[in-house]
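Asks: My file is input.csv. It has CSV, C-alpha atoms:
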chain,number,residue,atom,x,y,z
A,1,GLY,CA,-6.9,21.3,-0.5
A,2,ALA,CA,-8.3,22.3,2.9
A,3,VAL,CA,-6.0,24.5,5.0
A,4,VAL,CA,-5.5,24.4,8.7
A,5,SER,CA,-3.6,27.2,10.3
A,6,GLN,CA,-1.8,26.8,13.6
A,7,HIS,CA,-0.2,29.5,15.7
A,8,PRO,CA,2.3,30.1,17.1
A,9,SER,CA,4.8,27.9,15.3
A,10,ARG,CA,7.3,28.2,18.1
A,11,VAL,CA,7.0,29.5,21.7
A,12,ILE,CA,9.4,29.7,24.6
A,13,CYS,CA,8.1,30.3,28.0
A,14,LYS,CA,9.1,30.2,31.6
A,15,SER,CA,8.0,27.4,33.9
A,16,GLY,CA,4.7,28.1,35.6
A,17,THR,CA,3.2,30.2,32.8
A,18,SER,CA,0.4,29.3,30.5
A,19,VAL,CA,0.5,29.0,26.7
A,20,LYS,CA,-2.3,29.1,24.3
A,21,ILE,CA,-2.1,27.5,20.8
A,22,GLU,CA,-4.7,28.2,18.2
A,23,CYS,CA,-5.8,26.0,15.4
A,24,ARG,CA,-8.0,27.4,12.6
A,25,SER,CA,-9.7,25.8,9.6
A,26,LEU,CA,-9.5,28.4,6.8
A,27,ASP,CA,-11.8,27.1,4.2
A,28,PHE,CA,-14.0,24.4,5.7
A,29,GLN,CA,-16.0,23.8,8.8
A,30,ALA,CA,-14.0,21.8,11.3
A,31,THR,CA,-16.7,19.9,13.2
A,32,THR,CA,-14.0,17.7,14.8
A,33,MET,CA,-10.5,18.7,15.8
A,34,PHE,CA,-7.8,16.5,17.2
A,35,TRP,CA,-4.8,17.6,19.3
A,36,TYR,CA,-1.6,15.6,19.2
A,37,ARG,CA,1.7,15.6,20.9
A,38,GLN,CA,4.8,14.4,19.2
A,39,PHE,CA,8.2,13.7,20.6
A,40,PRO,CA,11.3,13.7,18.4
A,41,LYS,CA,11.4,10.7,16.0
A,42,GLN,CA,8.1,9.4,17.5
A,43,SER,CA,4.6,9.0,16.3
A,44,LEU,CA,1.6,11.3,16.8
A,45,MET,CA,0.2,10.8,20.3
A,46,LEU,CA,-3.5,11.7,20.4
A,47,MET,CA,-4.2,13.9,23.4
A,48,ALA,CA,-7.9,14.8,22.9
A,49,THR,CA,-10.7,15.0,20.4
A,50,SER,CA,-13.0,18.0,20.4
A,51,ASN,CA,-16.3,18.5,18.6
A,52,GLU,CA,-17.6,22.0,18.1
A,53,GLY,CA,-19.7,23.2,21.0
A,54,SER,CA,-19.0,20.1,23.1
A,55,LYS,CA,-16.5,19.3,25.8
A,56,ALA,CA,-13.3,17.7,24.6
A,57,THR,CA,-12.7,14.0,25.1
A,58,TYR,CA,-9.3,13.3,26.5
A,59,GLU,CA,-7.2,10.2,26.0
A,60,GLN,CA,-6.2,8.2,29.0
A,61,GLY,CA,-3.3,9.7,30.9
A,62,VAL,CA,-3.9,13.3,29.6
A,63,GLU,CA,-4.7,15.8,32.3
A,64,LYS,CA,-7.7,17.8,31.2
A,65,ASP,CA,-7.1,20.5,33.8
A,66,LYS,CA,-3.6,21.0,32.5
A,67,PHE,CA,-4.4,20.8,28.8
A,68,LEU,CA,-7.5,23.0,28.3
A,69,ILE,CA,-9.2,22.6,25.0
A,70,ASN,CA,-11.9,24.9,23.6
A,71,HIS,CA,-13.7,24.4,20.4
A,72,ALA,CA,-16.2,27.2,20.5
A,73,SER,CA,-16.7,27.6,16.8
A,74,LEU,CA,-16.6,25.6,13.6
A,75,THR,CA,-13.3,27.2,12.6
A,76,LEU,CA,-11.3,27.6,15.8
A,77,SER,CA,-10.0,25.3,18.5
A,78,THR,CA,-7.5,26.3,21.2
A,79,LEU,CA,-5.2,24.3,23.4
A,80,THR,CA,-4.0,26.0,26.5
A,81,VAL,CA,-1.1,24.4,28.4
A,82,THR,CA,-1.6,25.7,32.0
A,83,SER,CA,1.3,26.1,34.4
A,84,ALA,CA,3.7,24.7,31.9
A,85,HIS,CA,6.8,22.8,33.1
A,86,PRO,CA,9.9,21.6,31.2
A,87,GLU,CA,8.4,18.1,30.8
A,88,ASP,CA,5.6,19.7,28.7
A,89,SER,CA,8.1,20.8,26.1
A,90,SER,CA,7.1,19.1,22.9
A,91,PHE,CA,5.7,19.5,19.4
A,92,TYR,CA,2.0,20.0,19.5
A,93,ILE,CA,-0.1,19.5,16.3
A,94,CYS,CA,-3.8,19.9,15.6
A,95,SER,CA,-5.8,18.3,12.9
A,96,ALA,CA,-9.3,18.8,11.7
A,97,ARG,CA,-12.0,17.2,9.6
A,98,GLU,CA,-15.4,18.2,8.3
A,99,GLY,CA,-18.4,16.2,9.3
A,100,SER,CA,-18.0,12.5,8.7
A,101,TYR,CA,-15.5,13.1,5.9
A,102,GLU,CA,-12.6,10.8,6.8
A,103,LYS,CA,-9.7,12.9,5.5
A,104,LEU,CA,-7.7,14.8,8.1
A,105,PHE,CA,-5.9,18.1,7.6
A,106,PHE,CA,-3.1,19.0,9.9
A,107,GLY,CA,-1.8,22.3,11.3
A,108,SER,CA,1.8,23.2,10.9
A,109,GLY,CA,2.6,22.4,14.6
A,110,THR,CA,3.8,24.4,17.6
A,111,GLN,CA,7.2,23.7,19.1
A,112,LEU,CA,6.8,24.5,22.8
A,113,SER,CA,9.9,24.9,24.9
A,114,VAL,CA,9.5,25.5,28.7
A,115,LEU,CA,12.5,26.8,30.5
B,1,GLY,CA,-9.3,-0.4,20.4
B,2,GLU,CA,-7.4,-0.4,17.1
B,3,ASN,CA,-3.7,-1.2,17.2
B,4,VAL,CA,-1.5,-0.3,14.2
B,5,GLU,CA,2.0,-1.8,13.8
B,6,GLN,CA,4.4,-0.3,11.3
B,7,HIS,CA,7.7,-1.6,10.0
B,8,PRO,CA,10.4,-0.9,9.5
B,9,SER,CA,11.2,2.0,11.8
B,10,THR,CA,14.0,3.1,9.5
B,11,LEU,CA,14.6,2.5,5.8
B,12,SER,CA,17.6,3.5,3.9
B,13,VAL,CA,17.7,3.2,0.1
B,14,GLN,CA,19.7,4.4,-2.8
B,15,GLU,CA,18.1,6.9,-5.2
B,16,GLY,CA,16.2,5.1,-7.9
B,17,ASP,CA,15.5,2.1,-5.7
B,18,SER,CA,12.0,1.1,-4.5
B,19,ALA,CA,10.9,1.4,-0.9
B,20,VAL,CA,8.2,-0.6,0.9
B,21,ILE,CA,6.6,0.2,4.3
B,22,LYS,CA,4.2,-2.2,5.9
B,23,CYS,CA,1.5,-1.8,8.4
B,24,THR,CA,-0.8,-4.2,10.2
B,25,TYR,CA,-4.0,-3.4,12.0
B,26,SER,CA,-6.1,-5.3,14.5
B,27,ASP,CA,-9.7,-4.1,14.1
B,28,SER,CA,-11.5,-5.8,11.2
B,29,ALA,CA,-14.0,-3.0,11.2
B,30,SER,CA,-11.4,-0.5,10.0
B,31,ASN,CA,-12.1,0.5,6.5
B,32,TYR,CA,-10.0,3.6,5.7
B,33,PHE,CA,-6.2,3.6,5.5
B,34,PRO,CA,-4.3,6.8,4.8
B,35,TRP,CA,-0.6,7.4,4.5
B,36,TYR,CA,1.0,10.6,5.7
B,37,LYS,CA,4.4,12.1,4.9
B,38,GLN,CA,6.1,14.3,7.5
B,39,GLU,CA,9.2,16.3,6.8
B,40,LEU,CA,11.3,17.4,9.7
B,41,GLY,CA,9.5,20.1,11.7
B,42,LYS,CA,6.6,20.2,9.2
B,43,ARG,CA,3.0,19.1,9.3
B,44,PRO,CA,2.0,15.6,8.2
B,45,GLN,CA,0.5,15.6,4.7
B,46,LEU,CA,-1.7,13.0,3.2
B,47,ILE,CA,0.0,11.4,0.2
B,48,ILE,CA,-2.4,8.5,-0.6
B,49,ASP,CA,-5.3,6.7,1.0
B,50,ILE,CA,-7.2,3.5,0.3
B,51,ARG,CA,-10.6,2.3,1.3
B,52,SER,CA,-11.5,-1.3,2.1
B,53,ASN,CA,-13.5,-1.8,-1.0
B,54,VAL,CA,-10.3,-1.8,-3.2
B,55,GLY,CA,-7.1,-3.8,-3.0
B,56,GLU,CA,-4.7,-1.4,-4.7
B,57,LYS,CA,-4.4,2.3,-5.5
B,58,LYS,CA,-1.7,4.1,-7.4
B,59,ASP,CA,-0.7,7.7,-7.9
B,60,GLN,CA,2.4,8.2,-10.0
B,61,ARG,CA,5.3,6.7,-8.1
B,62,ILE,CA,3.3,5.9,-5.0
B,63,ALA,CA,1.0,2.9,-4.5
B,64,VAL,CA,-0.8,1.4,-1.6
B,65,THR,CA,-2.0,-2.2,-1.4
B,66,LEU,CA,-4.5,-3.6,1.1
B,67,ASN,CA,-5.1,-7.2,2.2
B,68,LYS,CA,-8.3,-7.2,4.3
B,69,THR,CA,-8.0,-10.9,5.1
B,70,ALA,CA,-4.6,-10.6,6.6
B,71,LYS,CA,-5.3,-7.1,7.9
B,72,HIS,CA,-2.2,-5.5,6.5
B,73,PHE,CA,-1.5,-2.7,4.0
B,74,SER,CA,1.7,-1.4,2.4
B,75,LEU,CA,3.1,1.7,0.9
B,76,HIS,CA,5.2,1.3,-2.2
B,77,ILE,CA,7.4,4.1,-3.5
B,78,THR,CA,9.2,3.5,-6.8
B,79,GLU,CA,12.1,5.3,-8.3
B,80,THR,CA,12.9,7.0,-5.0
B,81,GLN,CA,14.3,10.5,-5.0
B,82,PRO,CA,16.2,12.4,-2.2
B,83,GLU,CA,13.1,14.6,-1.7
B,84,ASP,CA,11.2,11.4,-0.7
B,85,SER,CA,13.3,11.4,2.5
B,86,ALA,CA,10.8,12.0,5.4
B,87,VAL,CA,8.9,10.1,8.1
B,88,TYR,CA,5.9,8.2,6.8
B,89,PHE,CA,3.0,7.3,9.0
B,90,CYS,CA,0.2,4.8,8.2
B,91,ALA,CA,-3.2,5.0,9.9
B,92,ALA,CA,-6.3,3.0,10.2
B,93,SER,CA,-9.8,4.1,11.0
B,94,ILE,CA,-13.5,3.6,10.5
B,95,ARG,CA,-15.1,6.0,8.1
B,96,GLY,CA,-17.9,8.2,9.4
B,97,GLY,CA,-19.3,8.7,12.8
B,98,SER,CA,-16.7,9.1,15.5
B,99,TYR,CA,-13.9,8.2,13.2
B,100,ILE,CA,-10.6,8.5,15.2
B,101,PRO,CA,-7.6,7.4,13.3
B,102,THR,CA,-4.9,5.3,14.9
B,103,PHE,CA,-1.4,6.0,13.7
B,104,GLY,CA,1.6,3.7,13.2
B,105,ARG,CA,4.8,4.6,14.9
B,106,GLY,CA,6.3,6.0,11.7
B,107,THR,CA,9.1,5.0,9.3
B,108,SER,CA,12.0,7.2,8.7
B,109,LEU,CA,12.9,6.9,5.0
B,110,ILE,CA,16.3,8.1,3.9
B,111,VAL,CA,17.1,8.2,0.2
B,112,HIS,CA,20.8,8.5,-0.6
B,113,PRO,CA,21.7,10.4,-3.8
For the structure just supplied, provide its representation as structure tokens.
Replies:
Amino acid sequence: GAVVSQHPSRVICKSGTSVKIECRSLDFQATTMFWYRQFPKQSLMLMATSNEGSKATYEQGVEKDKFLINHASLTLSTLTVTSAHPEDSSFYICSAREGSYEKLFFGSGTQLSVL
Amino acid sequence: GENVEQHPSTLSVQEGDSAVIKCTYSDSASNYFPWYKQELGKRPQLIIDIRSNVGEKKDQRIAVTLNKTAKHFSLHITETQPEDSAVYFCAASIRGGSYIPTFGRGTSLIVHP
């Protein structure tokens, strides 16, 4: 099956710093990528949808200036958490799909801890 | 937009028993319904999916049923094993185009040996 690689798997940073998370599709062209946030024992909360070469579409309540998403190529999307604060600590997961194919393939997630 | 309700939130069964997780959706235009299994700290993985043109699909011990009229679909796991313990998410979406899946809140399945 299709593989989505996400790095880093875990990051600990100081409050006020920025953190970049990468999501790569290894064997298919990810025309659309989704970024989710997941709190312990809760569902996947969609943060934004990004299409290659276009600006990301953010869900209501998600600050686009804080969570910068770039999808400059068909195999790479990045999420940058700017000026991170402890309340940004969470599990972030990306997913990707190719064209209008409905199946989603998920990255392995990034556990962000902001001290 | 679409709203997906999932029940129960927690399900505890003995090894060998069956487990059933149910989801309802609100948008009658939804026509693709995947189920994902997520082990602790891992990525969600697609375990089975069903499209609106069929009522049931089976893959070994896992089956999914869909009732379009009632707008609900269910995951059935037979002969459960401890390794089935995980969180299961249902989702609903419209195939093609801007397809954005809506996820249920998840069911934590615990299979006791």
Asks: Skipping near chain neighbours, those fewer than 5 positions away, what residues fall within 12 Å of Ser54 in chain A using only C-alpha atoms, listed as a list in words?
Replies: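 Once the nearby chain positions are removed, what remains is Thr31, Thr32, Met33, Thr49, Ile69, Asn70, His71, Ala72, Ser73, Leu74 and Ser77 of chain A.
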Asks: Out of A:Val62, A:Ala96, A:Val81, A:Val11, which residue has the shortest atom-to-atom distance to Met45 in chain A when counting only C-alpha atoms?
Replies: A:Val62
Asks: Residues of chain B no more than 8 Å from chain A, counting all atoms listed in the file: send them over as a PyMOL selection string.
Replies: chain B and resi 32+41-46+89+95-99+103-106
Asks: At a cut-off of 9 Å, using only C-alpha atoms, what residues contact range 74-87 of chain B? Leave out same-chain residues fewer than 4 positions from it and give the result as a PDB file with C-alpha atoms, in the frame of the given file.
Replies:
ATOM      1  CA  LYS A  41      11.400  10.700  16.000  1.00  0.00           C
TER       2      LYS A  41
ATOM      3  CA  THR B  10      14.000   3.100   9.500  1.00  0.00           C
ATOM      4  CA  VAL B  13      17.700   3.200   0.100  1.00  0.00           C
ATOM      5  CA  GLN B  14      19.700   4.400  -2.800  1.00  0.00           C
ATOM      6  CA  GLU B  15      18.100   6.900  -5.200  1.00  0.00           C
ATOM      7  CA  GLY B  16      16.200   5.100  -7.900  1.00  0.00           C
ATOM      8  CA  ASP B  17      15.500   2.100  -5.700  1.00  0.00           C
ATOM      9  CA  SER B  18      12.000   1.100  -4.500  1.00  0.00           C
ATOM     10  CA  ALA B  19      10.900   1.400  -0.900  1.00  0.00           C
ATOM     11  CA  VAL B  20       8.200  -0.600   0.900  1.00  0.00           C
ATOM     12  CA  ILE B  21       6.600   0.200   4.300  1.00  0.00           C
ATOM     13  CA  LYS B  22       4.200  -2.200   5.900  1.00  0.00           C
ATOM     14  CA  CYS B  23       1.500  -1.800   8.400  1.00  0.00           C
ATOM     15  CA  THR B  24      -0.800  -4.200  10.200  1.00  0.00           C
ATOM     16  CA  TRP B  35      -0.600   7.400   4.500  1.00  0.00           C
ATOM     17  CA  TYR B  36       1.000  10.600   5.700  1.00  0.00           C
ATOM     18  CA  LYS B  37       4.400  12.100   4.900  1.00  0.00           C
ATOM     19  CA  GLN B  38       6.100  14.300   7.500  1.00  0.00           C
ATOM     20  CA  GLU B  39       9.200  16.300   6.800  1.00  0.00           C
ATOM     21  CA  LEU B  40      11.300  17.400   9.700  1.00  0.00           C
ATOM     22  CA  PRO B  44       2.000  15.600   8.200  1.00  0.00           C
ATOM     23  CA  ILE B  48      -2.400   8.500  -0.600  1.00  0.00           C
ATOM     24  CA  GLN B  60       2.400   8.200 -10.000  1.00  0.00           C
ATOM     25  CA  ARG B  61       5.300   6.700  -8.100  1.00  0.00           C
ATOM     26  CA  ILE B  62       3.300   5.900  -5.000  1.00  0.00           C
ATOM     27  CA  ALA B  63       1.000   2.900  -4.500  1.00  0.00           C
ATOM     28  CA  VAL B  64      -0.800   1.400  -1.600  1.00  0.00           C
ATOM     29  CA  THR B  65      -2.000  -2.200  -1.400  1.00  0.00           C
ATOM     30  CA  LEU B  66      -4.500  -3.600   1.100  1.00  0.00           C
ATOM     31  CA  ASN B  67      -5.100  -7.200   2.200  1.00  0.00           C
ATOM     32  CA  GLY B 106       6.300   6.000  11.700  1.00  0.00           C
ATOM     33  CA  THR B 107       9.100   5.000   9.300  1.00  0.00           C
ATOM     34  CA  SER B 108      12.000   7.200   8.700  1.00  0.00           C
ATOM     35  CA  LEU B 109      12.900   6.900   5.000  1.00  0.00           C
ATOM     36  CA  ILE B 110      16.300   8.100   3.900  1.00  0.00           C
ATOM     37  CA  VAL B 111      17.100   8.200   0.200  1.00  0.00           C
ATOM     38  CA  HIS B 112      20.800   8.500  -0.600  1.00  0.00           C
ATOM     39  CA  PRO B 113      21.700  10.400  -3.800  1.00  0.00           C
TER      40      PRO B 113
END
Asks: Could you tell me how far CA of Glu98 in chain A sits from CA of Ala30 in chain A, in Å to one decimal place?
Replies: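 If I compute the distance from CA of Ala30 in chain A to CA of Glu98 in chain A, I get 4.9 Å.
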Asks: Measuring between only C-alpha atoms, which one of A:Ser5, A:Thr80, A:Gln38, A:Thr57 shows the shortest distance to Thr17 in chain A?
Replies: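 Of all the options, A:Thr80 lies closest to Thr17 in chain A.
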Asks: Measure the distance from CA of Asp65 in chain A to CA of Ser83 in chain A in Å and round it to one decimal.
Replies: 10.1 Å
Asks: Distance CA of Gly16 in chain A-CA of Lys66 in chain A, one decimal place?
Replies: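 Rounded to one decimal, the two atoms are 11.4 Å apart.
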Asks: Select range 19-50 of chain A in the preceding structure and write N, CA, C and O atoms to a file as an mmCIF file, in the first residue's frame.
Replies:
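File part-v9.cif, as written:
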data_model
loop_
_atom_site.group_PDB
_atom_site.id
_atom_site.type_symbol
_atom_site.label_atom_id
_atom_site.label_comp_id
_atom_site.auth_asym_id
_atom_site.auth_seq_id
_atom_site.Cartn_x
_atom_site.Cartn_y
_atom_site.Cartn_z
ATOM 1 N N VAL A 19 8.435 25.004 15.363
ATOM 2 C CA VAL A 19 8.693 23.597 15.058
ATOM 3 C C VAL A 19 8.113 23.264 13.692
ATOM 4 O O VAL A 19 6.964 23.612 13.401
ATOM 5 N N LYS A 20 8.905 22.587 12.879
ATOM 6 C CA LYS A 20 8.433 22.178 11.552
ATOM 7 C C LYS A 20 8.261 20.672 11.517
ATOM 8 O O LYS A 20 9.147 19.911 11.905
ATOM 9 N N ILE A 21 7.122 20.253 10.987
ATOM 10 C CA ILE A 21 6.813 18.834 10.827
ATOM 11 C C ILE A 21 6.667 18.556 9.341
ATOM 12 O O ILE A 21 5.972 19.299 8.629
ATOM 13 N N GLU A 22 7.322 17.486 8.870
ATOM 14 C CA GLU A 22 7.270 17.141 7.447
ATOM 15 C C GLU A 22 6.421 15.902 7.205
ATOM 16 O O GLU A 22 6.435 14.953 7.989
ATOM 17 N N CYS A 23 5.730 15.930 6.109
ATOM 18 C CA CYS A 23 4.900 14.810 5.707
ATOM 19 C C CYS A 23 5.199 14.525 4.238
ATOM 20 O O CYS A 23 5.022 15.399 3.380
ATOM 21 N N ARG A 24 5.659 13.310 3.957
ATOM 22 C CA ARG A 24 6.044 12.957 2.592
ATOM 23 C C ARG A 24 5.300 11.718 2.103
ATOM 24 O O ARG A 24 5.167 10.742 2.838
ATOM 25 N N SER A 25 4.826 11.783 0.881
ATOM 26 C CA SER A 25 4.273 10.586 0.248
ATOM 27 C C SER A 25 5.423 9.943 -0.511
ATOM 28 O O SER A 25 6.084 10.586 -1.319
ATOM 29 N N LEU A 26 5.674 8.660 -0.220
ATOM 30 C CA LEU A 26 6.870 8.008 -0.750
ATOM 31 C C LEU A 26 6.657 7.356 -2.108
ATOM 32 O O LEU A 26 7.590 7.207 -2.891
ATOM 33 N N ASP A 27 5.457 6.908 -2.400
ATOM 34 C CA ASP A 27 5.271 6.162 -3.638
ATOM 35 C C ASP A 27 4.024 6.571 -4.407
ATOM 36 O O ASP A 27 3.525 5.799 -5.230
ATOM 37 N N PHE A 28 3.529 7.760 -4.142
ATOM 38 C CA PHE A 28 2.398 8.269 -4.917
ATOM 39 C C PHE A 28 2.416 9.788 -4.851
ATOM 40 O O PHE A 28 3.117 10.394 -4.038
ATOM 41 N N GLN A 29 1.647 10.400 -5.725
ATOM 42 C CA GLN A 29 1.581 11.852 -5.761
ATOM 43 C C GLN A 29 0.415 12.314 -4.902
ATOM 44 O O GLN A 29 -0.743 12.043 -5.215
ATOM 45 N N ALA A 30 0.752 12.999 -3.841
ATOM 46 C CA ALA A 30 -0.255 13.453 -2.880
ATOM 47 C C ALA A 30 -0.812 14.803 -3.321
ATOM 48 O O ALA A 30 -0.295 15.852 -2.944
ATOM 49 N N THR A 31 -1.846 14.781 -4.104
ATOM 50 C CA THR A 31 -2.433 16.034 -4.565
ATOM 51 C C THR A 31 -3.115 16.773 -3.422
ATOM 52 O O THR A 31 -3.205 17.992 -3.431
ATOM 53 N N THR A 32 -3.595 16.031 -2.450
ATOM 54 C CA THR A 32 -4.239 16.656 -1.290
ATOM 55 C C THR A 32 -3.660 16.059 -0.016
ATOM 56 O O THR A 32 -3.493 14.842 0.083
ATOM 57 N N MET A 33 -3.355 16.930 0.915
ATOM 58 C CA MET A 33 -2.898 16.470 2.234
ATOM 59 C C MET A 33 -3.750 17.129 3.309
ATOM 60 O O MET A 33 -4.210 18.268 3.143
ATOM 61 N N PHE A 34 -3.945 16.400 4.370
ATOM 62 C CA PHE A 34 -4.726 16.889 5.499
ATOM 63 C C PHE A 34 -3.838 16.875 6.742
ATOM 64 O O PHE A 34 -3.031 15.956 6.933
ATOM 65 N N TRP A 35 -4.030 17.855 7.578
ATOM 66 C CA TRP A 35 -3.327 17.896 8.860
ATOM 67 C C TRP A 35 -4.351 17.836 9.991
ATOM 68 O O TRP A 35 -5.357 18.562 9.978
ATOM 69 N N TYR A 36 -4.074 16.943 10.938
ATOM 70 C CA TYR A 36 -4.979 16.731 12.054
ATOM 71 C C TYR A 36 -4.238 16.955 13.363
ATOM 72 O O TYR A 36 -3.021 16.788 13.460
ATOM 73 N N ARG A 37 -5.035 17.243 14.368
ATOM 74 C CA ARG A 37 -4.518 17.312 15.727
ATOM 75 C C ARG A 37 -5.328 16.311 16.533
ATOM 76 O O ARG A 37 -6.555 16.177 16.342
ATOM 77 N N GLN A 38 -4.662 15.595 17.408
ATOM 78 C CA GLN A 38 -5.360 14.577 18.182
ATOM 79 C C GLN A 38 -4.947 14.664 19.639
ATOM 80 O O GLN A 38 -3.759 14.552 19.965
ATOM 81 N N PHE A 39 -5.914 14.838 20.512
ATOM 82 C CA PHE A 39 -5.671 14.831 21.942
ATOM 83 C C PHE A 39 -5.875 13.413 22.450
ATOM 84 O O PHE A 39 -6.566 12.609 21.810
ATOM 85 N N PRO A 40 -5.273 13.091 23.596
ATOM 86 C CA PRO A 40 -5.375 11.720 24.121
ATOM 87 C C PRO A 40 -6.816 11.228 24.189
ATOM 88 O O PRO A 40 -7.694 11.925 24.691
ATOM 89 N N LYS A 41 -7.024 10.058 23.672
ATOM 90 C CA LYS A 41 -8.316 9.377 23.704
ATOM 91 C C LYS A 41 -9.414 10.172 23.004
ATOM 92 O O LYS A 41 -10.588 10.031 23.336
ATOM 93 N N GLN A 42 -9.022 10.985 22.055
ATOM 94 C CA GLN A 42 -10.030 11.732 21.299
ATOM 95 C C GLN A 42 -9.859 11.498 19.803
ATOM 96 O O GLN A 42 -8.918 10.849 19.362
ATOM 97 N N SER A 43 -10.803 12.024 19.063
ATOM 98 C CA SER A 43 -10.807 11.785 17.619
ATOM 99 C C SER A 43 -9.800 12.677 16.905
ATOM 100 O O SER A 43 -9.111 13.501 17.519
ATOM 101 N N LEU A 44 -9.744 12.510 15.597
ATOM 102 C CA LEU A 44 -8.883 13.325 14.756
ATOM 103 C C LEU A 44 -9.589 14.641 14.461
ATOM 104 O O LEU A 44 -10.683 14.646 13.888
ATOM 105 N N MET A 45 -8.964 15.737 14.822
ATOM 106 C CA MET A 45 -9.549 17.048 14.575
ATOM 107 C C MET A 45 -8.857 17.655 13.363
ATOM 108 O O MET A 45 -7.662 17.945 13.392
ATOM 109 N N LEU A 46 -9.597 17.817 12.282
ATOM 110 C CA LEU A 46 -9.022 18.370 11.064
ATOM 111 C C LEU A 46 -8.632 19.825 11.291
ATOM 112 O O LEU A 46 -9.441 20.635 11.733
ATOM 113 N N MET A 47 -7.364 20.127 10.965
ATOM 114 C CA MET A 47 -6.884 21.499 11.105
ATOM 115 C C MET A 47 -6.964 22.225 9.766
ATOM 116 O O MET A 47 -7.405 23.368 9.695
ATOM 117 N N ALA A 48 -6.495 21.549 8.722
ATOM 118 C CA ALA A 48 -6.436 22.217 7.423
ATOM 119 C C ALA A 48 -6.296 21.195 6.313
ATOM 120 O O ALA A 48 -5.861 20.060 6.536
ATOM 121 N N THR A 49 -6.694 21.622 5.133
ATOM 122 C CA THR A 49 -6.574 20.830 3.917
ATOM 123 C C THR A 49 -5.669 21.596 2.968
ATOM 124 O O THR A 49 -5.865 22.803 2.759
ATOM 125 N N SER A 50 -4.694 20.904 2.406
ATOM 126 C CA SER A 50 -3.818 21.592 1.462
ATOM 127 C C SER A 50 -3.761 20.841 0.138
ATOM 128 O O SER A 50 -3.654 19.626 0.111
#
